Structures are given as structure tokens and as C-alpha cells.
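K.L.:
Quick one: the structure is below, questions incoming.
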Amino acid sequence: MLVNLRDICAVAEQYNMAIPQFNTPSLEAVRAALDAAEETGYPVMIAHAEGHESFAPLKYIGPTMVDLAERSSAMVCVHLDHCEHLSYMRRALELGFTGTMFDGSFLPYQENVENSARAAEMVAGFDAGLECELGSMGTRENGAGHENDHEGKAIYTDPEQAEEFVNSTGLDILACSFGTVHGIYKGEPHLSYDVLREIRKRVNVPLVMHGGSGVSDDDYRKCVDAGIRKVNYFTYGVKYGGEAAYKAIQDLKAKDANSEIYWQDLTDASYEAMKADFKHVIEVLANGAGPIA
């Protein structure tokens, strides 16, 4: 069942949980996310990032995501992640995406406000919701899964500025920075729950967590209790999918060094690994919520 970004986040508010957003730049990832949602009984978001365009063009993956979401028995929002160009956002909306994210976090503040407000005007003409970002996770998400050295530190979102930003843009949900970073984190993340709680006190919209790699299950639950209602999840999912494909090759060669390698052997292994990982993430972020009515 295809639903609007605002509606799926309202469910998260009602149940004190967070909706996982899985970036799904392949059919295997889309299937894994939707099957995990159906098997657990919780809502889910599947997403395409503008940075995925080179290896998963929107014109191909977008209609597939929307069609499979409509057919799913789970509550599903199809979301455009980390979009930096409004023309690209319009393309996704016209394909039937029910959520979009304009990412102006690397722009000067006033330019971020102006472009985010333009995005809100565009989204208002569709049955979709808008996410915007204030603050920085240290590095841009490049869309492919990567390892960062994180010399550029995350810039915490200023709670007072967050209130002004929300009021000035017309966004529906806010991505904020409180110590997470994109990519595979080297070391332990240093999350500021005080910053998160203060932002939550000042804004009347659901909050979004990006850059969750390296965050423990317990910390995820603390973030949910502090007001996070949507969590972006990508790097580890595709990492586990890649590792499963590699292991499938090794296992086949271990049985017979001359054995043929077929593509479906790798995609099946990746699908199963991602689905198992996605189910775990969904259940952690459900935060003890019972069945969703």
C-alpha cells in the first residue's frame, strides 16, 4: 500500500517508533525491503537517491519501486533521498513518489532556506511530503556505500536555527545532525541527545536521522525515544549484500574450482542477506511497538 510521507511519519509519532528508510538501488534491495516489511508487519520506506543515478537510473528503478509499493500489503512510502536539484525532484514526483528530500545542507543557510521553500511549493502540487536537512553529517553521501575518514566533523544542527528553518520553509519532516555521519564510521559515534531533545522541543515536525552506521541497537532506541521518527539506512545493507554475493562465489568454488558462476546465485544470496538485515533494523526501530493497526 503506497502512502504519503506525512502519513507514515504520523504512524511513527503515534507508536513512538521510527520508520526505516532503505535505499534500494536494485530489484533485490527493493524486494528485500518490502518482504521484510510484510513479514514483520511494520511500515517501511524505500528510497532512491539522486547519487544513485549512474548505476540505478530513476527512469528504470522509480516506476518499479512505485508499482511494487502499490502491490505490497505493507504500508510503504516511496521516497527521493538526498536530492540537490529541483528538476530531478519533479521527475520523481511525476513518477508517483510520495516523499522527497531536498538536501541543501551544504549550501549557505539562506540559500538552503530559499531552495527548500521552492521544494515545498513544488511538493504541494503532488500527494507527497517534503524532508529537508539542516546541519551536516561531515561528508556527502555518495550513494554507493563507502568508507569515510571523517576528518570533516559533523556540524550539529542549532536548535534555535532549526525552529526558524522549519517555519521559513514549509517542510514536513526535518533531517538534523546530532553526531552521526554518512558512510562506515571509523570509531564510536558521539551522539548528542541533548541537541536532539532541544530540537524536538522547538519544532513541531518529525525528526530524521541520517548517517546511522556504527550506531548500536540501544542507541537507535534512545534516538527514537528522543524524537527520531525516520532513520535512513543504506551503507551496511549493501555491504552485507555484497559480502553475501562474494561468499556465494567462494562457496561454489570451494565445492568445485571449475564450477560456473551464475548471476542469479549472487542476487539470491544478496537478497537473503539484505532481507535478514532489514528485518532486524525494522524490529529495532519499532521500539517495542505492537502490531500496527
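Chain labels run A, B, ... following the order of the C-alpha cells; each chain numbers its residues from 1, and ligands are numbered from 1 in the order shown.
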Using only C-alpha atoms, which residues sit within 9 Å of Gly242 in chain A once same-chain residues fewer than 4 positions away are excluded, as a short mmCIF file (atom, residue, chain, number, x, y, z; two decimals) with C-alpha atoms, in the first residue's frame?

P.N.:
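Dumped everything to part-v8.cif:
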```cif
data_model
loop_
_atom_site.label_atom_id
_atom_site.label_comp_id
_atom_site.auth_asym_id
_atom_site.auth_seq_id
_atom_site.Cartn_x
_atom_site.Cartn_y
_atom_site.Cartn_z
CA GLY A 237 22.64 -3.09 3.95
CA VAL A 238 24.52 -3.01 0.65
CA TYR A 246 31.22 -12.75 -2.53
CA LYS A 247 30.69 -15.66 -0.12
CA LEU A 266 24.71 -13.95 -6.39
CA ALA A 269 22.39 -14.57 -1.79
CA SER A 270 22.36 -10.76 -1.66
CA ALA A 273 21.29 -11.21 3.41
#
```

K.L.:
Enumerate as a ChimeraX atom specification all residues of range 22-269 of chain A assigned to alpha helix (DSSP H) by DSSP on the backbone, naming them with the chain letters and numbers the document uses.

P.N.:
/A:27-40,58-71,86-95,109-123,159-169,193-202,217-225,235-255,263-269

K.L.:
At a cut-off of 9 Å, can you tabulate as a tab-separated table every residue of range 4-76 of chain A near range 159-177 of chain A together with its closest atom pair and the distance in Å to one decimal, using only C-alpha atoms and ordering rows by chain then number?

P.N.:
```
residue	atom	partner	partner_atom	distance
A:Leu5	CA	A:Asp172	CA	8.3
A:Arg6	CA	A:Asp172	CA	6.7
A:Cys9	CA	A:Ile173	CA	8.3
```

K.L.:
Looking at A:Met75, A:Leu207, A:Ala36, A:Ala124, which one is nearest to Lys275 in chain A, with distances taken over only C-alpha atoms?

P.N.:
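Among the listed residues, the smallest separation from Lys275 in chain A belongs to A:Ala36.
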
K.L.:
Tell me, which residues of range 63-275 of chain A carry DSSP strand (DSSP E or B), written as JSON, numbers by chain?

P.N.:
{"A": [76, 77, 78, 79, 80, 81, 82, 83, 99, 100, 101, 102, 129, 130, 131, 132, 133, 134, 136, 147, 155, 173, 174, 175, 176, 184, 207, 208, 209, 228, 229, 230, 231, 232, 233]}

K.L.:
Could you check how far CA of Cys83 in chain A sits from CA of Ser116 in chain A, in Å to one decimal?

P.N.:
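CA of Cys83 in chain A sits 10.8 Å away from CA of Ser116 in chain A.
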
K.L.:
When you count only C-alpha atoms, which of these residues is closest to Tyr271 in chain A: A:Tyr233, A:Phe97, A:Tyr193, A:Tyr240?

P.N.:
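Among A:Tyr233, A:Phe97, A:Tyr193, A:Tyr240, it is A:Tyr240 that comes nearest to Tyr271 in chain A.
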
K.L.:
Nearest to Ser26 in chain A among A:Cys132, A:Gly241, A:Arg221, A:Leu191, with distances taken over only C-alpha atoms: which residue is it?

P.N.:
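Going through A:Cys132, A:Gly241, A:Arg221, A:Leu191 one by one, the smallest distance to Ser26 in chain A is for A:Gly241.
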
K.L.:
Near His190 in chain A, counting only C-alpha atoms, which residues have an atom at most 9 Å away, once you skip same-chain residues fewer than 2 positions from it, shown as a list in words?

P.N.:
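What passes the distance filter is Phe178, Gly179, Thr180, Glu188 and Ser192 of chain A.
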
K.L.:
I need the residue nearest Ala286 in chain A from this list: A:Arg90, A:Val30, A:Glu111, A:Arg229. Use only C-alpha atoms for the distance.

P.N.:
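Of all the options, A:Arg229 lies closest to Ala286 in chain A.
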
K.L.:
Show me, as an mmCIF file with N, CA and C atoms, in the first residue's frame, the residues that have an atom within 10 Å of Val281 in chain A when counting only C-alpha atoms, minus same-chain residues fewer than 2 positions from it.

P.N.:
```cif
data_model
loop_
_atom_site.group_PDB
_atom_site.id
_atom_site.type_symbol
_atom_site.label_atom_id
_atom_site.label_comp_id
_atom_site.auth_asym_id
_atom_site.auth_seq_id
_atom_site.Cartn_x
_atom_site.Cartn_y
_atom_site.Cartn_z
ATOM 1 N N ILE A 19 10.432 4.968 11.384
ATOM 2 C CA ILE A 19 10.277 4.238 10.125
ATOM 3 C C ILE A 19 11.646 4.130 9.458
ATOM 4 N N PRO A 20 12.109 2.929 9.153
ATOM 5 C CA PRO A 20 13.382 2.814 8.435
ATOM 6 C C PRO A 20 13.203 3.172 6.967
ATOM 7 N N PHE A 22 15.054 2.470 3.630
ATOM 8 C CA PHE A 22 16.099 1.671 2.994
ATOM 9 C C PHE A 22 16.323 2.193 1.579
ATOM 10 N N ALA A 36 10.666 -7.773 3.940
ATOM 11 C CA ALA A 36 10.956 -7.616 5.369
ATOM 12 C C ALA A 36 9.813 -6.887 6.068
ATOM 13 N N ASP A 217 22.159 -0.857 18.519
ATOM 14 C CA ASP A 217 20.707 -1.018 18.624
ATOM 15 C C ASP A 217 20.167 -0.204 19.787
ATOM 16 N N TYR A 220 20.034 3.416 18.852
ATOM 17 C CA TYR A 220 18.898 3.658 17.959
ATOM 18 C C TYR A 220 17.626 3.868 18.778
ATOM 19 N N VAL A 231 14.606 6.902 10.062
ATOM 20 C CA VAL A 231 16.045 6.614 10.072
ATOM 21 C C VAL A 231 16.467 6.151 8.694
ATOM 22 N N TYR A 233 18.870 4.234 6.214
ATOM 23 C CA TYR A 233 19.743 3.074 6.362
ATOM 24 C C TYR A 233 20.155 2.606 4.980
ATOM 25 N N GLY A 237 23.482 -2.183 4.722
ATOM 26 C CA GLY A 237 22.640 -3.091 3.945
ATOM 27 C C GLY A 237 23.318 -3.564 2.678
ATOM 28 N N LYS A 275 17.517 -8.936 3.283
ATOM 29 C CA LYS A 275 16.219 -9.093 3.944
ATOM 30 C C LYS A 275 16.397 -9.382 5.427
ATOM 31 N N ALA A 276 17.340 -10.250 5.779
ATOM 32 C CA ALA A 276 17.582 -10.563 7.189
ATOM 33 C C ALA A 276 18.030 -9.309 7.946
ATOM 34 N N ASP A 277 18.908 -8.536 7.328
ATOM 35 C CA ASP A 277 19.385 -7.303 7.965
ATOM 36 C C ASP A 277 18.250 -6.285 8.105
ATOM 37 N N PHE A 278 17.465 -6.125 7.056
ATOM 38 C CA PHE A 278 16.364 -5.159 7.086
ATOM 39 C C PHE A 278 15.326 -5.539 8.142
ATOM 40 N N LYS A 279 15.035 -6.822 8.283
ATOM 41 C CA LYS A 279 14.078 -7.245 9.307
ATOM 42 C C LYS A 279 14.570 -6.876 10.695
ATOM 43 N N GLU A 283 12.684 -4.142 13.259
ATOM 44 C CA GLU A 283 12.247 -4.530 14.595
ATOM 45 C C GLU A 283 12.913 -3.677 15.679
ATOM 46 N N VAL A 284 14.159 -3.290 15.472
ATOM 47 C CA VAL A 284 14.814 -2.397 16.438
ATOM 48 C C VAL A 284 14.108 -1.044 16.478
ATOM 49 N N LEU A 285 13.853 -0.480 15.296
ATOM 50 C CA LEU A 285 13.255 0.853 15.222
ATOM 51 C C LEU A 285 11.775 0.852 15.614
ATOM 52 N N ALA A 286 11.129 -0.328 15.601
ATOM 53 C CA ALA A 286 9.750 -0.415 16.080
ATOM 54 C C ALA A 286 9.680 -0.073 17.563
#
```

K.L.:
Please list as a VMD selection string every residue within 10 Å of range 57-63 of chain A, counting only C-alpha atoms and excluding residues in the same chain fewer than 4 positions away.

P.N.:
chain A and resid 24 to 27 30 47 to 53 67 to 69 78 to 80 88 91 to 93 95 to 97

K.L.:
The selected residues should be written to file as an mmCIF file, in the first residue's frame (atoms: N, CA and C atoms).

P.N.:
```cif
data_model
loop_
_atom_site.group_PDB
_atom_site.id
_atom_site.type_symbol
_atom_site.label_atom_id
_atom_site.label_comp_id
_atom_site.auth_asym_id
_atom_site.auth_seq_id
_atom_site.Cartn_x
_atom_site.Cartn_y
_atom_site.Cartn_z
ATOM 1 N N THR A 24 17.247 1.633 -2.019
ATOM 2 C CA THR A 24 17.071 0.369 -2.744
ATOM 3 C C THR A 24 17.427 0.530 -4.223
ATOM 4 N N PRO A 25 18.726 0.620 -4.534
ATOM 5 C CA PRO A 25 19.129 0.850 -5.921
ATOM 6 C C PRO A 25 19.228 -0.415 -6.769
ATOM 7 N N SER A 26 18.473 -1.461 -6.403
ATOM 8 C CA SER A 26 18.434 -2.690 -7.202
ATOM 9 C C SER A 26 17.124 -3.399 -6.909
ATOM 10 N N LEU A 27 16.718 -4.283 -7.804
ATOM 11 C CA LEU A 27 15.487 -5.047 -7.589
ATOM 12 C C LEU A 27 15.608 -5.904 -6.340
ATOM 13 N N VAL A 30 14.932 -3.711 -3.324
ATOM 14 C CA VAL A 30 13.508 -3.371 -3.234
ATOM 15 C C VAL A 30 12.730 -4.560 -2.680
ATOM 16 N N ALA A 47 13.754 3.986 -0.902
ATOM 17 C CA ALA A 47 14.231 5.269 -1.411
ATOM 18 C C ALA A 47 15.221 5.108 -2.555
ATOM 19 N N HIS A 48 15.212 6.130 -3.383
ATOM 20 C CA HIS A 48 16.198 6.287 -4.454
ATOM 21 C C HIS A 48 16.882 7.627 -4.224
ATOM 22 N N ALA A 49 18.203 7.633 -4.202
ATOM 23 C CA ALA A 49 18.950 8.874 -4.033
ATOM 24 C C ALA A 49 19.417 9.391 -5.390
ATOM 25 N N GLU A 50 19.491 10.710 -5.510
ATOM 26 C CA GLU A 50 19.984 11.285 -6.759
ATOM 27 C C GLU A 50 21.385 10.757 -7.079
ATOM 28 N N GLY A 51 22.161 10.468 -6.046
ATOM 29 C CA GLY A 51 23.502 9.931 -6.246
ATOM 30 C C GLY A 51 23.532 8.516 -6.792
ATOM 31 N N HIS A 52 22.381 7.855 -6.844
ATOM 32 C CA HIS A 52 22.303 6.504 -7.406
ATOM 33 C C HIS A 52 22.149 6.514 -8.931
ATOM 34 N N GLU A 53 21.945 7.687 -9.501
ATOM 35 C CA GLU A 53 21.549 7.781 -10.906
ATOM 36 C C GLU A 53 22.487 7.032 -11.849
ATOM 37 N N ASP A 67 5.408 0.789 -8.351
ATOM 38 C CA ASP A 67 4.493 -0.309 -8.669
ATOM 39 C C ASP A 67 4.510 -1.380 -7.580
ATOM 40 N N LEU A 68 5.697 -1.772 -7.120
ATOM 41 C CA LEU A 68 5.784 -2.820 -6.099
ATOM 42 C C LEU A 68 5.261 -2.327 -4.758
ATOM 43 N N ALA A 69 5.445 -1.037 -4.458
ATOM 44 C CA ALA A 69 4.894 -0.480 -3.222
ATOM 45 C C ALA A 69 3.371 -0.516 -3.244
ATOM 46 N N VAL A 78 7.369 5.685 -0.916
ATOM 47 C CA VAL A 78 8.474 5.691 -1.887
ATOM 48 C C VAL A 78 9.067 7.096 -1.885
ATOM 49 N N HIS A 79 10.337 7.188 -1.519
ATOM 50 C CA HIS A 79 10.954 8.466 -1.168
ATOM 51 C C HIS A 79 12.152 8.778 -2.059
ATOM 52 N N LEU A 80 12.320 10.048 -2.390
ATOM 53 C CA LEU A 80 13.523 10.502 -3.087
ATOM 54 C C LEU A 80 14.489 11.040 -2.045
ATOM 55 N N TYR A 88 15.213 17.339 -10.813
ATOM 56 C CA TYR A 88 15.250 15.893 -10.545
ATOM 57 C C TYR A 88 14.107 15.512 -9.609
ATOM 58 N N ARG A 91 10.879 15.118 -11.476
ATOM 59 C CA ARG A 91 10.812 13.849 -12.199
ATOM 60 C C ARG A 91 10.325 12.728 -11.292
ATOM 61 N N ALA A 92 10.842 12.687 -10.075
ATOM 62 C CA ALA A 92 10.432 11.646 -9.126
ATOM 63 C C ALA A 92 8.968 11.807 -8.737
ATOM 64 N N LEU A 93 8.538 13.028 -8.492
ATOM 65 C CA LEU A 93 7.148 13.280 -8.135
ATOM 66 C C LEU A 93 6.208 12.863 -9.265
ATOM 67 N N LEU A 95 6.677 10.547 -11.316
ATOM 68 C CA LEU A 95 6.650 9.085 -11.386
ATOM 69 C C LEU A 95 5.775 8.476 -10.292
ATOM 70 N N GLY A 96 5.362 9.297 -9.314
ATOM 71 C CA GLY A 96 4.490 8.804 -8.253
ATOM 72 C C GLY A 96 5.138 8.666 -6.895
ATOM 73 N N PHE A 97 6.356 9.207 -6.699
ATOM 74 C CA PHE A 97 6.988 9.178 -5.385
ATOM 75 C C PHE A 97 6.117 9.950 -4.397
#
```

K.L.:
Could you check which of A:Ala33, A:Met274, A:Ala248, A:Leu134 is closest to Phe106 in chain A, using only C-alpha atoms?

P.N.:
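For Phe106 in chain A, the nearest of the candidates is A:Leu134.
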
K.L.:
Which residues come within 10 Å of Asp194 in chain A, counting only C-alpha atoms, excluding same-chain residues fewer than 5 positions away, as a PyMOL selection string?

P.N.:
chain A and resi 178+199-200+226

K.L.:
Take the residues from that selection and write them out as a PDB file, in the first residue's frame, keeping N, CA and C atoms.

P.N.:
```pdb
ATOM      1  N   PHE A 178      23.185  15.439  14.861  1.00  0.00           N
ATOM      2  CA  PHE A 178      23.474  15.427  16.305  1.00  0.00           C
ATOM      3  C   PHE A 178      24.617  14.465  16.628  1.00  0.00           C
ATOM      4  N   ILE A 199      16.080  20.259  19.852  1.00  0.00           N
ATOM      5  CA  ILE A 199      15.461  20.483  18.536  1.00  0.00           C
ATOM      6  C   ILE A 199      14.010  20.028  18.577  1.00  0.00           C
ATOM      7  N   ARG A 200      13.790  18.875  19.148  1.00  0.00           N
ATOM      8  CA  ARG A 200      12.442  18.313  19.230  1.00  0.00           C
ATOM      9  C   ARG A 200      11.495  19.252  19.990  1.00  0.00           C
ATOM     10  N   ALA A 226      14.023   9.953  21.919  1.00  0.00           N
ATOM     11  CA  ALA A 226      14.320  11.393  21.953  1.00  0.00           C
ATOM     12  C   ALA A 226      13.631  12.159  20.831  1.00  0.00           C
TER      13      ALA A 226
END
```

K.L.:
Give me, please, the distance in Å between CA of Val44 in chain A and CA of Cys77 in chain A, quoted to one decimal.

P.N.:
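Value for the CA of Val44 in chain A-CA of Cys77 in chain A distance: 6.7 Å.
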